[in-house]
file coords.cif (mmCIF, C-alpha atoms and all ligand atoms)
data_target
#
loop_
_atom_site.group_PDB
_atom_site.id
_atom_site.type_symbol
_atom_site.label_atom_id
_atom_site.label_comp_id
_atom_site.auth_asym_id
_atom_site.auth_seq_id
_atom_site.Cartn_x
_atom_site.Cartn_y
_atom_site.Cartn_z
ATOM 1 C CA MET S 63 117.111 110.822 87.507
ATOM 2 C CA LYS S 64 117.536 113.169 84.542
ATOM 3 C CA GLY S 65 114.498 113.994 82.327
ATOM 4 C CA ALA S 66 115.288 111.940 79.197
ATOM 5 C CA ARG S 67 116.410 108.891 81.143
ATOM 6 C CA ARG S 68 113.356 109.135 83.373
ATOM 7 C CA ARG S 69 111.024 109.281 80.351
ATOM 8 C CA LEU S 70 112.773 106.239 78.900
ATOM 9 C CA ARG S 71 112.305 104.286 82.145
ATOM 10 C CA ILE S 72 108.622 105.225 82.333
ATOM 11 C CA GLY S 73 108.157 104.121 78.694
ATOM 12 C CA TYR S 74 109.865 100.826 79.506
ATOM 13 C CA TYR S 75 107.592 100.188 82.514
ATOM 14 C CA ASN S 76 104.482 101.209 80.543
ATOM 15 C CA ALA S 77 105.319 98.574 77.920
ATOM 16 C CA PHE S 78 106.285 95.980 80.575
ATOM 17 C CA SER S 79 102.988 96.548 82.441
ATOM 18 C CA ARG S 80 101.090 94.648 79.704
ATOM 19 C CA VAL S 81 102.900 91.391 80.472
ATOM 20 C CA TYR S 82 104.252 91.991 83.996
ATOM 21 C CA ASP S 83 101.783 89.786 85.917
ATOM 22 C CA SER S 84 102.047 86.902 83.413
ATOM 23 C CA PHE S 85 105.842 87.203 83.502
ATOM 24 C CA ILE S 86 105.880 86.965 87.321
ATOM 25 C CA GLN S 87 103.425 84.050 87.203
ATOM 26 C CA MET S 88 105.728 82.193 84.811
ATOM 27 C CA HIS S 89 108.824 82.735 86.954
ATOM 28 C CA SER S 90 107.414 81.815 90.333
ATOM 29 C CA SER S 91 104.648 79.699 91.682
ATOM 30 C CA GLY S 92 101.646 81.991 92.246
ATOM 31 C CA ASP S 93 101.185 80.685 95.776
ATOM 32 C CA SER S 94 104.732 81.360 96.921
ATOM 33 C CA ARG S 95 104.590 84.944 95.605
ATOM 34 C CA THR S 96 101.264 85.537 97.334
ATOM 35 C CA SER S 97 102.455 84.255 100.690
ATOM 36 C CA LEU S 98 105.678 86.248 100.327
ATOM 37 C CA ARG S 99 103.642 89.416 99.886
ATOM 38 C CA ASP S 100 101.498 88.483 102.915
ATOM 39 C CA GLU S 101 104.719 88.044 104.868
ATOM 40 C CA LEU S 102 105.969 91.470 103.783
ATOM 41 C CA ALA S 103 102.625 93.065 104.713
ATOM 42 C CA ALA S 104 102.876 91.440 108.167
ATOM 43 C CA SER S 105 106.462 92.702 108.647
ATOM 44 C CA VAL S 106 105.476 96.360 108.341
ATOM 45 C CA GLY S 107 103.559 96.062 111.611
ATOM 46 C CA VAL S 108 100.465 98.074 110.651
ATOM 47 C CA GLY S 109 97.015 97.311 112.044
ATOM 48 C CA GLN S 110 93.359 98.265 111.665
ATOM 49 C CA GLY S 111 92.851 101.974 110.965
ATOM 50 C CA ASP S 112 96.498 102.652 110.011
ATOM 51 C CA LYS S 113 97.788 104.436 106.936
ATOM 52 C CA VAL S 114 100.366 102.605 104.816
ATOM 53 C CA LEU S 115 102.302 103.417 101.661
ATOM 54 C CA ASP S 116 103.371 100.940 98.952
ATOM 55 C CA LEU S 117 106.249 102.425 96.950
ATOM 56 C CA CYS S 118 106.851 101.464 93.301
ATOM 57 C CA THR S 119 103.580 99.582 93.546
ATOM 58 C CA GLY S 120 103.664 98.415 89.909
ATOM 59 C CA THR S 121 100.561 96.348 89.137
ATOM 60 C CA GLY S 122 99.592 96.645 92.814
ATOM 61 C CA ALA S 123 100.254 93.103 94.051
ATOM 62 C CA MET S 124 101.034 94.425 97.567
ATOM 63 C CA LEU S 125 97.802 96.417 97.791
ATOM 64 C CA PRO S 126 95.318 93.605 98.708
ATOM 65 C CA PRO S 127 97.398 92.186 101.602
ATOM 66 C CA LEU S 128 98.024 95.698 102.960
ATOM 67 C CA SER S 129 94.351 96.587 102.541
ATOM 68 C CA ARG S 130 93.319 93.551 104.622
ATOM 69 C CA ARG S 131 95.750 94.550 107.387
ATOM 70 C CA VAL S 132 94.522 98.150 107.780
ATOM 71 C CA GLY S 133 90.827 97.332 107.280
ATOM 72 C CA LYS S 134 88.059 99.628 106.117
ATOM 73 C CA ASP S 135 89.017 102.402 108.561
ATOM 74 C CA GLY S 136 92.591 102.429 107.334
ATOM 75 C CA GLN S 137 94.132 103.592 104.094
ATOM 76 C CA VAL S 138 96.623 102.189 101.596
ATOM 77 C CA VAL S 139 98.338 104.434 99.054
ATOM 78 C CA GLY S 140 100.178 102.876 96.097
ATOM 79 C CA VAL S 141 102.726 105.117 94.348
ATOM 80 C CA ASP S 142 104.301 104.587 90.941
ATOM 81 C CA PHE S 143 105.493 106.831 88.096
ATOM 82 C CA SER S 144 104.261 104.585 85.255
ATOM 83 C CA PRO S 145 100.664 105.224 84.100
ATOM 84 C CA GLY S 146 100.628 101.749 82.484
ATOM 85 C CA MET S 147 101.510 100.015 85.761
ATOM 86 C CA LEU S 148 99.019 102.190 87.668
ATOM 87 C CA GLN S 149 96.239 101.213 85.251
ATOM 88 C CA ARG S 150 96.853 97.511 86.056
ATOM 89 C CA ALA S 151 96.927 98.328 89.769
ATOM 90 C CA HIS S 152 93.655 100.216 89.358
ATOM 91 C CA ASP S 153 92.045 97.171 87.682
ATOM 92 C CA ARG S 154 93.248 94.996 90.566
ATOM 93 C CA VAL S 155 91.800 97.163 93.363
ATOM 94 C CA ALA S 156 88.767 98.654 91.595
ATOM 95 C CA ASP S 157 86.416 97.172 94.232
ATOM 96 C CA THR S 158 88.569 97.956 97.260
ATOM 97 C CA VAL S 159 87.429 100.999 99.215
ATOM 98 C CA ASN S 160 90.516 101.760 101.287
ATOM 99 C CA VAL S 161 93.111 101.961 98.482
ATOM 100 C CA GLU S 162 94.266 105.047 96.596
ATOM 101 C CA LEU S 163 96.743 105.252 93.745
ATOM 102 C CA CYS S 164 99.103 108.135 93.192
ATOM 103 C CA ARG S 165 101.291 108.884 90.195
ATOM 104 C CA ALA S 166 104.572 110.264 91.508
ATOM 105 C CA ASP S 167 108.307 109.722 91.572
ATOM 106 C CA VAL S 168 109.304 107.973 94.794
ATOM 107 C CA THR S 169 112.305 110.302 95.143
ATOM 108 C CA ASN S 170 109.913 113.249 95.527
ATOM 109 C CA LEU S 171 106.809 112.144 97.415
ATOM 110 C CA PRO S 172 103.750 114.444 97.412
ATOM 111 C CA PHE S 173 102.894 113.831 101.094
ATOM 112 C CA GLU S 174 103.277 115.805 104.327
ATOM 113 C CA ASP S 175 105.926 114.862 106.881
ATOM 114 C CA ASN S 176 104.923 112.126 109.393
ATOM 115 C CA THR S 177 101.868 110.910 107.437
ATOM 116 C CA PHE S 178 102.213 107.095 107.281
ATOM 117 C CA ASP S 179 102.351 104.358 109.926
ATOM 118 C CA GLY S 180 104.339 102.120 107.581
ATOM 119 C CA ALA S 181 105.755 101.788 104.069
ATOM 120 C CA THR S 182 106.704 98.865 101.819
ATOM 121 C CA ILE S 183 108.714 98.357 98.652
ATOM 122 C CA SER S 184 108.649 94.941 97.033
ATOM 123 C CA HIS S 185 111.076 93.833 94.321
ATOM 124 C CA ALA S 186 111.662 97.395 93.153
ATOM 125 C CA PHE S 187 114.448 98.861 95.348
ATOM 126 C CA TYR S 188 117.093 97.586 92.942
ATOM 127 C CA GLU S 189 115.314 99.388 90.108
ATOM 128 C CA LEU S 190 116.349 102.740 91.610
ATOM 129 C CA ASN S 191 119.542 104.361 90.357
ATOM 130 C CA GLY S 192 122.544 105.089 92.565
ATOM 131 C CA GLU S 193 121.966 108.808 92.953
ATOM 132 C CA ASP S 194 118.253 108.260 93.591
ATOM 133 C CA ILE S 195 118.648 105.844 96.470
ATOM 134 C CA GLU S 196 119.614 108.338 99.174
ATOM 135 C CA ARG S 197 116.899 110.771 98.020
ATOM 136 C CA PHE S 198 114.355 107.931 98.086
ATOM 137 C CA LEU S 199 115.325 106.781 101.587
ATOM 138 C CA ARG S 200 115.202 110.385 102.907
ATOM 139 C CA GLU S 201 111.731 110.832 101.430
ATOM 140 C CA VAL S 202 110.418 107.594 102.955
ATOM 141 C CA HIS S 203 111.888 108.572 106.337
ATOM 142 C CA ARG S 204 110.280 112.032 106.079
ATOM 143 C CA VAL S 205 106.737 110.789 105.349
ATOM 144 C CA LEU S 206 106.811 108.021 108.002
ATOM 145 C CA LYS S 207 105.464 108.766 111.465
ATOM 146 C CA PRO S 208 107.955 108.409 114.345
ATOM 147 C CA GLY S 209 108.222 104.724 115.235
ATOM 148 C CA GLY S 210 106.947 103.689 111.770
ATOM 149 C CA HIS S 211 108.597 100.887 109.800
ATOM 150 C CA PHE S 212 109.783 100.877 106.202
ATOM 151 C CA VAL S 213 110.207 97.343 104.851
ATOM 152 C CA MET S 214 112.079 96.419 101.706
ATOM 153 C CA MET S 215 111.989 92.989 100.056
ATOM 154 C CA GLU S 216 114.391 91.808 97.364
ATOM 155 C CA HIS S 217 115.819 88.478 96.180
ATOM 156 C CA GLU S 218 118.630 87.112 98.333
ATOM 157 C CA VAL S 219 121.753 85.910 96.498
ATOM 158 C CA PRO S 220 120.543 82.524 95.158
ATOM 159 C CA THR S 221 122.260 79.343 96.303
ATOM 160 C CA ARG S 222 121.788 77.389 93.020
ATOM 161 C CA ALA S 223 124.685 78.120 90.650
ATOM 162 C CA VAL S 224 122.713 78.848 87.442
ATOM 163 C CA ILE S 225 120.179 81.062 89.190
ATOM 164 C CA ARG S 226 123.024 82.796 91.050
ATOM 165 C CA MET S 227 124.677 83.602 87.721
ATOM 166 C CA LEU S 228 121.410 85.144 86.409
ATOM 167 C CA TYR S 229 121.111 87.168 89.631
ATOM 168 C CA TYR S 230 124.647 88.555 89.229
ATOM 169 C CA LEU S 231 123.957 89.358 85.561
ATOM 170 C CA ARG S 232 120.865 91.329 86.607
ATOM 171 C CA ILE S 233 122.702 93.456 89.137
ATOM 172 C CA LEU S 234 125.829 93.814 86.976
ATOM 173 C CA SER S 235 123.615 95.231 84.222
ATOM 174 C CA MET S 236 122.848 98.085 86.643
ATOM 175 C CA GLY S 237 126.510 99.224 86.684
ATOM 176 C CA SER S 238 129.525 98.545 88.876
ATOM 177 C CA ALA S 239 128.773 101.165 91.550
ATOM 178 C CA LYS S 240 125.279 99.767 91.998
ATOM 179 C CA THR S 241 126.607 96.193 92.175
ATOM 180 C CA LEU S 242 129.092 97.157 94.865
ATOM 181 C CA GLY S 243 126.366 99.024 96.737
ATOM 182 C CA ILE S 244 124.124 95.962 96.719
ATOM 183 C CA LEU S 245 126.769 93.417 97.608
ATOM 184 C CA ARG S 246 128.862 95.324 100.127
ATOM 185 C CA HIS S 247 127.082 98.374 101.515
ATOM 186 C CA GLU S 248 123.373 97.592 101.387
ATOM 187 C CA GLN S 249 122.680 97.614 105.114
ATOM 188 C CA GLU S 250 124.842 100.743 105.582
ATOM 189 C CA GLN S 251 122.623 102.615 103.086
ATOM 190 C CA PHE S 252 119.615 101.993 105.310
ATOM 191 C CA GLU S 253 121.528 102.664 108.525
ATOM 192 C CA SER S 254 122.662 106.071 107.255
ATOM 193 C CA ILE S 255 119.013 107.227 107.281
ATOM 194 C CA PHE S 256 117.083 104.997 109.701
ATOM 195 C CA GLN S 257 117.725 104.647 113.411
ATOM 196 C CA HIS S 258 117.230 100.887 113.563
ATOM 197 C CA VAL S 259 117.715 98.328 110.768
ATOM 198 C CA GLU S 260 117.125 94.588 110.942
ATOM 199 C CA LYS S 261 117.654 92.067 108.155
ATOM 200 C CA ARG S 262 115.614 88.848 107.957
ATOM 201 C CA LEU S 263 115.355 86.017 105.502
ATOM 202 C CA ALA S 264 111.789 85.432 104.274
ATOM 203 C CA SER S 265 110.411 81.974 105.097
ATOM 204 C CA SER S 266 110.995 80.879 101.460
ATOM 205 C CA GLY S 267 114.727 81.406 102.127
ATOM 206 C CA GLU S 268 114.997 83.074 98.706
ATOM 207 C CA SER S 269 114.107 86.663 99.560
ATOM 208 C CA LYS S 270 115.448 89.057 102.155
ATOM 209 C CA ILE S 271 113.486 91.612 104.104
ATOM 210 C CA TYR S 272 115.014 94.739 105.676
ATOM 211 C CA ILE S 273 112.934 96.329 108.410
ATOM 212 C CA CYS S 274 113.978 99.956 108.939
ATOM 213 C CA THR S 275 112.501 101.924 111.822
ATOM 214 C CA LYS S 276 112.205 105.687 112.235
ATOM 215 C CA ARG S 277 113.093 106.876 115.739
ATOM 216 C CA ASP S 278 110.096 107.162 118.039
ATOM 217 C CA ALA S 279 109.112 110.647 119.209
ATOM 218 C CA ASP S 280 111.131 111.507 122.389
HETATM 219 C C1 LIG S 301 109.494 95.489 89.241
HETATM 220 S S1 LIG S 301 108.241 96.638 89.102
HETATM 221 C C2 LIG S 301 107.053 96.465 90.335
HETATM 222 C C3 LIG S 301 107.241 95.747 91.563
HETATM 223 C C4 LIG S 301 106.000 95.634 92.435
HETATM 224 N N1 LIG S 301 106.252 96.350 93.655
HETATM 225 C C5 LIG S 301 105.780 94.172 92.698
HETATM 226 O O1 LIG S 301 106.082 93.721 93.805
HETATM 227 O O2 LIG S 301 105.310 93.482 91.788
HETATM 228 C C6 LIG S 301 109.066 98.134 89.563
HETATM 229 C C7 LIG S 301 108.146 99.351 89.580
HETATM 230 O O3 LIG S 301 108.874 100.466 90.074
HETATM 231 C C8 LIG S 301 108.381 101.617 89.405
HETATM 232 N N2 LIG S 301 109.407 102.668 89.554
HETATM 233 C C9 LIG S 301 110.740 102.564 89.261
HETATM 234 N N3 LIG S 301 111.374 103.709 89.571
HETATM 235 C C10 LIG S 301 110.429 104.549 90.094
HETATM 236 C C11 LIG S 301 110.457 105.867 90.602
HETATM 237 N N4 LIG S 301 111.615 106.565 90.653
HETATM 238 N N5 LIG S 301 109.309 106.429 91.050
HETATM 239 C C12 LIG S 301 108.133 105.732 90.997
HETATM 240 N N6 LIG S 301 108.028 104.463 90.512
HETATM 241 C C13 LIG S 301 109.172 103.891 90.076
HETATM 242 C C14 LIG S 301 108.151 101.152 87.980
HETATM 243 O O4 LIG S 301 107.256 101.967 87.272
HETATM 244 C C15 LIG S 301 107.606 99.747 88.218
HETATM 245 O O5 LIG S 301 106.199 99.743 88.274
#
call {"tool": "encode", "arguments": {"input": "coords.cif", "output": "structure tokens"}}
result
Amino acid sequence: MKGARRRLRIGYYNAFSRVYDSFIQMHSSGDSRTSLRDELAASVGVGQGDKVLDLCTGTGAMLPPLSRRVGKDGQVVGVDFSPGMLQRAHDRVADTVNVELCRADVTNLPFEDNTFDGATISHAFYELNGEDIERFLREVHRVLKPGGHFVMMEHEVPTRAVIRMLYYLRILSMGSAKTLGILRHEQEQFESIFQHVEKRLASSGESKIYICTKRDAD
């Protein structure tokens, strides 16, 4: 993403961070969101002592479920480029010992190759721009250990007509190339980088989860 556009996006997320959690609360039942995040944390397949990355962590809603999975000997790192969002995430995990926050662009991750046992991105993949997507996926693949899983959760195309219209408006606002990418070539994007890709419907039936696996060491 070019400099000016990137600064604009960061400014937008900084402003949004003040109301983000209340906005999410208003648009979904708190319980269903929480169990959805637990489900995503379970899908990444990490266990006690593992190291896991949450990309575009926002206000850090994925951090507590991931922290419980890896336990006190493990480590969770939440990455985001918005200081405002990271401040909210910091407030959320202030008492949690195994969580670190990192300000960075997810298309240029400041980590060594083969560092993490797993990585998640929740309701943020569609926020990335066309040209950034391949760079992002290459970076995630690079920092994952062989055999590690990257899991992505986004809304599935809604079945109810009015909600479906709002969904299409959201993705159309991202441009025609992006819309086509989402609707036609989504799985191919993952398959061009990861060796194994599986798509599941979350138990709510309203979100989809892609589980992408990096080839195990030969
Ligand atoms: C919808 S919000 C947060 C979603 C959060 N994962 C959740 O489940 O609530 C999207 C987040 O992505 C972050 N973001 C977008 N593009 C990014 C990029 N290129 N690098 C780092 N963070 C980015 C924004 O700052 C924002 O916090």
call {"tool": "residues_near_ligand", "arguments": {"input": "coords.cif", "ligand": "ligand LIG 301 (chain S)", "cutoff": "7 Å", "atoms": "only C-alpha atoms and all ligand atoms", "output": "list in words"}}
result
Ile72, Tyr75, Leu117, Cys118, Thr119, Gly120, Thr121, Gly122, Ala123, Met124, Val141, Asp142, Phe143, Ser144, Met147, Ala166, Asp167, Val168, Thr169, Ile183, Ser184, His185, Ala186, Glu189 and Leu190 of chain S
call {"tool": "write_last_selection", "arguments": {"input": "coords.cif", "atoms": "C-alpha atoms", "output": "compact mmCIF listing (two decimals), in the frame of the given file"}}
result
# COMPACT_ATOMS: atom_id res chain seq x y z
CA ILE S 72 108.62 105.22 82.33
CA TYR S 75 107.59 100.19 82.51
CA LEU S 117 106.25 102.42 96.95
CA CYS S 118 106.85 101.46 93.30
CA THR S 119 103.58 99.58 93.55
CA GLY S 120 103.66 98.42 89.91
CA THR S 121 100.56 96.35 89.14
CA GLY S 122 99.59 96.64 92.81
CA ALA S 123 100.25 93.10 94.05
CA MET S 124 101.03 94.42 97.57
CA VAL S 141 102.73 105.12 94.35
CA ASP S 142 104.30 104.59 90.94
CA PHE S 143 105.49 106.83 88.10
CA SER S 144 104.26 104.58 85.26
CA MET S 147 101.51 100.02 85.76
CA ALA S 166 104.57 110.26 91.51
CA ASP S 167 108.31 109.72 91.57
CA VAL S 168 109.30 107.97 94.79
CA THR S 169 112.30 110.30 95.14
CA ILE S 183 108.71 98.36 98.65
CA SER S 184 108.65 94.94 97.03
CA HIS S 185 111.08 93.83 94.32
CA ALA S 186 111.66 97.40 93.15
CA GLU S 189 115.31 99.39 90.11
CA LEU S 190 116.35 102.74 91.61
call {"tool": "resolve_selection", "arguments": {"input": "coords.cif", "expression": "the PyMOL selection byres (((chain S and resi 192-201) around 9) and not hetatm)", "output": "list in words"}}
result
Met63, Val168, Thr169, Asn170, Leu171, Asp175, Phe187, Leu190, Asn191, Val202, His203, Arg204, Val205, Leu206, Ala239, Lys240, Gly243, Gln251, Phe252, Ser254, Ile255 and Phe256 of chain S
call {"tool": "atom_distance", "arguments": {"input": "coords.cif", "atom1": "CA of Phe212 (chain S)", "atom2": "CA of Leu115 (chain S)"}}
result
9.1 Å
call {"tool": "resolve_selection", "arguments": {"input": "coords.cif", "expression": "the PyMOL selection byres (((chain S and resi 112) around 8) and not hetatm)", "output": "ChimeraX atom specification"}}
result
/S:108-111,113-114,132,135-137,178-179
call {"tool": "atom_distance", "arguments": {"input": "coords.cif", "atom1": "CA of Val139 (chain S)", "atom2": "CA of Asp116 (chain S)"}}
result
6.1 Å
call {"tool": "resolve_selection", "arguments": {"input": "coords.cif", "expression": "the PyMOL selection byres (((chain S and resi 260) around 10) and not hetatm)", "output": "number ranges by chain"}}
result
S: 213, 249, 252-253, 258-259, 261-262, 271-275
call {"tool": "closest_residue", "arguments": {"input": "coords.cif", "among": "S:Arg130, S:Asp83, S:Tyr188, S:Gly180", "to": "Ser235 (chain S)", "atoms": "only C-alpha atoms"}}
result
S:Tyr188
call {"tool": "closest_residue", "arguments": {"input": "coords.cif", "among": "S:Ser269, S:Ser79, S:Glu101, S:Glu174", "to": "Pro220 (chain S)", "atoms": "all atoms listed in the file"}}
result
S:Ser269
call {"tool": "closest_residue", "arguments": {"input": "coords.cif", "among": "S:Lys64, S:Pro126, S:Arg71, S:Met227", "to": "Ser97 (chain S)", "atoms": "all atoms listed in the file"}}
result
S:Pro126
call {"tool": "atom_distance", "arguments": {"input": "coords.cif", "atom1": "CA of Pro145 (chain S)", "atom2": "CA of Val159 (chain S)"}}
result
20.5 Å
call {"tool": "axis_aligned_box", "arguments": {"input": "coords.cif", "around": "region 201-215 of chain S", "padding_each_side": "4 Å", "output": "AutoDock Vina command-line options"}}
result
--center_x 108.8 --center_y 102.5 --center_z 107.6 --size_x 14.6 --size_y 27.0 --size_z 23.2
call {"tool": "closest_residue", "arguments": {"input": "coords.cif", "among": "S:Leu228, S:Ala279, S:Leu98, S:Val106", "to": "Glu216 (chain S)", "atoms": "all atoms listed in the file"}}
result
S:Leu98
call {"tool": "closest_residue", "arguments": {"input": "coords.cif", "among": "S:Cys164, S:Val219, S:Ala181, S:Ile225", "to": "Lys207 (chain S)", "atoms": "only C-alpha atoms"}}
result
S:Ala181
call {"tool": "build_atoms", "arguments": {"input": "coords.cif", "residues": "region 178-202 of chain S", "atoms": "N, CA and C atoms", "output": "tab-separated table (two decimals), in the frame of the given file"}}
result
chain	number	residue	atom	x	y	z
S	178	PHE	N	102.53	108.54	107.39
S	178	PHE	CA	102.21	107.10	107.28
S	178	PHE	C	102.74	106.29	108.47
S	179	ASP	N	101.94	105.27	108.84
S	179	ASP	CA	102.35	104.36	109.93
S	179	ASP	C	103.37	103.33	109.43
S	180	GLY	N	103.40	103.10	108.13
S	180	GLY	CA	104.34	102.12	107.58
S	180	GLY	C	104.48	102.31	106.09
S	181	ALA	N	105.54	101.71	105.52
S	181	ALA	CA	105.76	101.79	104.07
S	181	ALA	C	106.45	100.52	103.60
S	182	THR	N	106.10	100.08	102.39
S	182	THR	CA	106.70	98.86	101.82
S	182	THR	C	107.27	99.16	100.43
S	183	ILE	N	108.28	98.38	100.06
S	183	ILE	CA	108.71	98.36	98.65
S	183	ILE	C	109.10	96.91	98.34
S	184	SER	N	108.45	96.36	97.32
S	184	SER	CA	108.65	94.94	97.03
S	184	SER	C	109.25	94.77	95.64
S	185	HIS	N	110.41	94.13	95.59
S	185	HIS	CA	111.08	93.83	94.32
S	185	HIS	C	111.18	95.05	93.41
S	186	ALA	N	111.50	96.20	93.98
S	186	ALA	CA	111.66	97.40	93.15
S	186	ALA	C	112.82	98.27	93.64
S	187	PHE	N	113.36	98.01	94.82
S	187	PHE	CA	114.45	98.86	95.35
S	187	PHE	C	115.64	98.85	94.40
S	188	TYR	N	115.93	97.69	93.83
S	188	TYR	CA	117.09	97.59	92.94
S	188	TYR	C	116.85	98.28	91.60
S	189	GLU	N	115.60	98.68	91.36
S	189	GLU	CA	115.31	99.39	90.11
S	189	GLU	C	115.75	100.86	90.21
S	190	LEU	N	115.99	101.33	91.45
S	190	LEU	CA	116.35	102.74	91.61
S	190	LEU	C	117.83	102.93	91.30
S	191	ASN	N	118.16	104.10	90.72
S	191	ASN	CA	119.54	104.36	90.36
S	191	ASN	C	120.32	104.89	91.55
S	192	GLY	N	121.65	104.71	91.47
S	192	GLY	CA	122.54	105.09	92.56
S	192	GLY	C	122.20	106.43	93.21
S	193	GLU	N	122.15	107.47	92.37
S	193	GLU	CA	121.97	108.81	92.95
S	193	GLU	C	120.57	109.00	93.54
S	194	ASP	N	119.63	108.12	93.11
S	194	ASP	CA	118.25	108.26	93.59
S	194	ASP	C	118.03	107.58	94.95
S	195	ILE	N	118.93	106.67	95.30
S	195	ILE	CA	118.65	105.84	96.47
S	195	ILE	C	118.60	106.67	97.75
S	196	GLU	N	119.60	107.55	97.94
S	196	GLU	CA	119.61	108.34	99.17
S	196	GLU	C	118.39	109.26	99.22
S	197	ARG	N	118.07	109.87	98.07
S	197	ARG	CA	116.90	110.77	98.02
S	197	ARG	C	115.63	110.00	98.37
S	198	PHE	N	115.52	108.79	97.82
S	198	PHE	CA	114.36	107.93	98.09
S	198	PHE	C	114.25	107.62	99.58
S	199	LEU	N	115.37	107.17	100.17
S	199	LEU	CA	115.32	106.78	101.59
S	199	LEU	C	114.99	107.98	102.47
S	200	ARG	N	115.52	109.17	102.13
S	200	ARG	CA	115.20	110.38	102.91
S	200	ARG	C	113.71	110.72	102.82
S	201	GLU	N	113.15	110.55	101.61
S	201	GLU	CA	111.73	110.83	101.43
S	201	GLU	C	110.85	109.87	102.24
S	202	VAL	N	111.21	108.58	102.21
S	202	VAL	CA	110.42	107.59	102.96
S	202	VAL	C	110.49	107.93	104.45
